[in-house]
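Asks: Please see the structure below; I have some questions.
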Amino acid sequence: MLTVHHLEDSRSQRVLWLLEELGAEYDVRRYDRDPKTRLAPPELYDVHPLGKSPVITDDTITVAETGAIFEYVLETRDTDQSLGTEKGTAHARQMTYWLHYAEGTAMPLLVMKLIFSNIPERAPLLARRLFRTILSPVHAQFIDPRIAEQVVFWNASLAETGWFVGEAFSAADIMMSFPLEAAGSRVDLSAYPHVRDFLTRCHQRPAYQAALERGGPYAFA
Ligand SMILES: N[C@@H](CCC(=O)N[C@@H](CS)C(=O)NCC(=O)O)C(=O)O
């Protein structure tokens with residue numbers, strides 16, 4: 001049986017959603033974040049040496065990294081390619097691109113934004129203003145323009161069909177949902193109608209809702 005080691009309120013929500021879309025059988029083992037640090041609990045180190053989520057176990061096989069988990073699940077649970085694509089096609093190449101891009105390019109910028117925003121908030125009261133002043137140019141000159149570039153790119157990529165690959169909903173959309181959700185909590189998306197419409201359509205899907213029930217708290221829905 002495939003088990004998803006799922007950290008509350010995290011990007012591993014996508015793995016549950018993928019499995020729900022496929023109608024696959026799976027178990028969920030839920031892990032709570034440390035209420036103060038928001039880090040994962042040490043038990044996740046028993047599953048994988050980096051102690052992060054998502055990670056899945058399937059009998060004797062352990063797979064970490066969301067993109068690698070998606071590839072494994074598509075290979076083993078999507079035999080009729082309802083969410084994947086035929087290998088060697090233009091759509092397959094686009095699918096590979098988005099599966100890598102989501103965690104390779106988009107998420108590092110969004111995590112950077114979160115960390116640099118949290119530094120002043122978590123600093124002692126008297127030091128907060130100083131930290132904000134020091135970090136303000138980092139946001140303005142480095143992080144914000146790079147995130148804005150990504151959001152423009154997503155909006156343009158969705159403009160034609162409303163989905164990231166071809167005419168139909170696919171695993172690429174599930175993978176990309178998290179960067180878009182995370183961006184929505186950090187930047188104003190009101191000028192990007194295709195991004196907002198994409199998220200609304202994702203959130204309305206019955207499988208997305210079913211995954212929320214299995215996964216527990218998720219601040220980005
Ligand atoms: N690129 C990795 C990122 C894994 C990751 O950082 N997961 C976060 C969840 S959003 C985590 O486990 N955070 C808790 C921690 O760092 O202690 C993936 O996509 O699997």
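Residue numbering restarts at 1 in every chain; chains get A, B, ... in the order shown in the structure tokens, and ligands count up from 1 in that same order.
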As an NGL selection string, which residues of region 19-113 of chain A does DSSP assign to helix (DSSP H, G or I)?

Replies: :A and (19-22 or 42-46 or 66-77 or 90-113)

Asks: What would the file look like if the residues just selected were written as a CSV table (one decimal), in the first residue's frame with C-alpha atoms?

Replies:
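File out21.csv, as written:
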chain,number,residue,atom,x,y,z
A,19,LEU,CA,-3.8,10.4,-5.8
A,20,GLU,CA,-7.4,11.5,-5.4
A,21,GLU,CA,-7.7,12.5,-9.1
A,22,LEU,CA,-6.4,9.1,-10.0
A,42,PRO,CA,11.8,14.6,14.0
A,43,GLU,CA,9.8,11.5,13.2
A,44,LEU,CA,10.0,12.4,9.5
A,45,TYR,CA,13.8,11.6,9.7
A,46,ASP,CA,12.7,8.0,10.3
A,66,THR,CA,7.5,16.2,-5.0
A,67,GLY,CA,8.5,16.0,-8.7
A,68,ALA,CA,10.0,12.5,-8.3
A,69,ILE,CA,6.9,11.4,-6.4
A,70,PHE,CA,4.7,12.7,-9.2
A,71,GLU,CA,6.8,10.8,-11.8
A,72,TYR,CA,6.6,7.6,-9.7
A,73,VAL,CA,2.8,7.9,-9.1
A,74,LEU,CA,2.1,8.6,-12.8
A,75,GLU,CA,4.3,5.6,-13.8
A,76,THR,CA,2.6,3.2,-11.4
A,77,ARG,CA,-0.9,4.5,-10.9
A,90,ALA,CA,5.7,17.9,-27.1
A,91,HIS,CA,3.2,17.7,-24.3
A,92,ALA,CA,5.4,15.2,-22.4
A,93,ARG,CA,8.3,17.6,-22.7
A,94,GLN,CA,6.1,20.5,-21.3
A,95,MET,CA,5.0,18.2,-18.5
A,96,THR,CA,8.6,17.5,-17.5
A,97,TYR,CA,9.4,21.2,-17.6
A,98,TRP,CA,6.6,22.1,-15.2
A,99,LEU,CA,7.3,19.2,-12.9
A,100,HIS,CA,10.9,20.5,-12.5
A,101,TYR,CA,10.2,24.2,-12.7
A,102,ALA,CA,7.7,24.3,-9.8
A,103,GLU,CA,10.3,23.2,-7.2
A,104,GLY,CA,13.4,24.2,-9.1
A,105,THR,CA,12.7,27.8,-9.9
A,106,ALA,CA,9.3,29.0,-8.5
A,107,MET,CA,9.4,27.7,-5.0
A,108,PRO,CA,13.0,28.8,-4.0
A,109,LEU,CA,12.0,32.4,-4.8
A,110,LEU,CA,8.7,32.1,-2.8
A,111,VAL,CA,10.5,30.5,0.1
A,112,MET,CA,13.1,33.3,0.1
A,113,LYS,CA,10.3,35.8,0.2

Asks: Residues of chain A that have any atom at most 8 Å from an atom of ligand 1: could you tabulate them with the shortest-distance atom pair and the distance in Å to one decimal, using only C-alpha atoms and all ligand atoms, ordered by chain and increasing number, as a tab-separated table?

Replies:
residue	atom	partner	partner_atom_place_in_ligand_line	distance
A:Leu7	CA	ligand 1	9 (C)	6.5
A:Asp9	CA	ligand 1	10 (S)	7.3
A:Ser10	CA	ligand 1	10 (S)	4.0
A:Arg11	CA	ligand 1	10 (S)	4.6
A:Ser12	CA	ligand 1	9 (C)	6.6
A:Arg33	CA	ligand 1	14 (C)	7.4
A:Arg38	CA	ligand 1	14 (C)	7.0
A:Leu39	CA	ligand 1	17 (O)	3.6
A:Ala40	CA	ligand 1	17 (O)	3.8
A:Pro41	CA	ligand 1	17 (O)	7.0
A:Gly51	CA	ligand 1	12 (O)	6.7
A:Lys52	CA	ligand 1	12 (O)	3.4
A:Ser53	CA	ligand 1	12 (O)	4.0
A:Pro54	CA	ligand 1	20 (O)	5.2
A:Val55	CA	ligand 1	20 (O)	7.1
A:Ala64	CA	ligand 1	20 (O)	6.1
A:Glu65	CA	ligand 1	20 (O)	3.4
A:Thr66	CA	ligand 1	19 (O)	4.1
A:Gly67	CA	ligand 1	19 (O)	6.4
A:Glu103	CA	ligand 1	1 (N)	5.2
A:Gly104	CA	ligand 1	1 (N)	7.4
A:Met107	CA	ligand 1	1 (N)	7.8

Asks: With distances taken over only C-alpha atoms, which residue among A:Glu160, A:Asp32, A:Asp173, A:Glu213 lies nearest Leu199 (chain A)?

Replies: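 Residue with the minimum atom-to-atom distance to Leu199 (chain A): A:Asp173.
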
Asks: Please measure the separation of CA of Arg201 (chain A) and CA of Tyr26 (chain A), giving the value in Å to one decimal.

Replies: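 Atom-to-atom, CA of Arg201 (chain A) and CA of Tyr26 (chain A) are spaced 24.6 Å apart.
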
Asks: What does the distance between CA of Phe198 (chain A) and CA of Gln13 (chain A) come to in Å, to one decimal place?

Replies: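 One can read the CA of Phe198 (chain A) to CA of Gln13 (chain A) distance as 17.2 Å.
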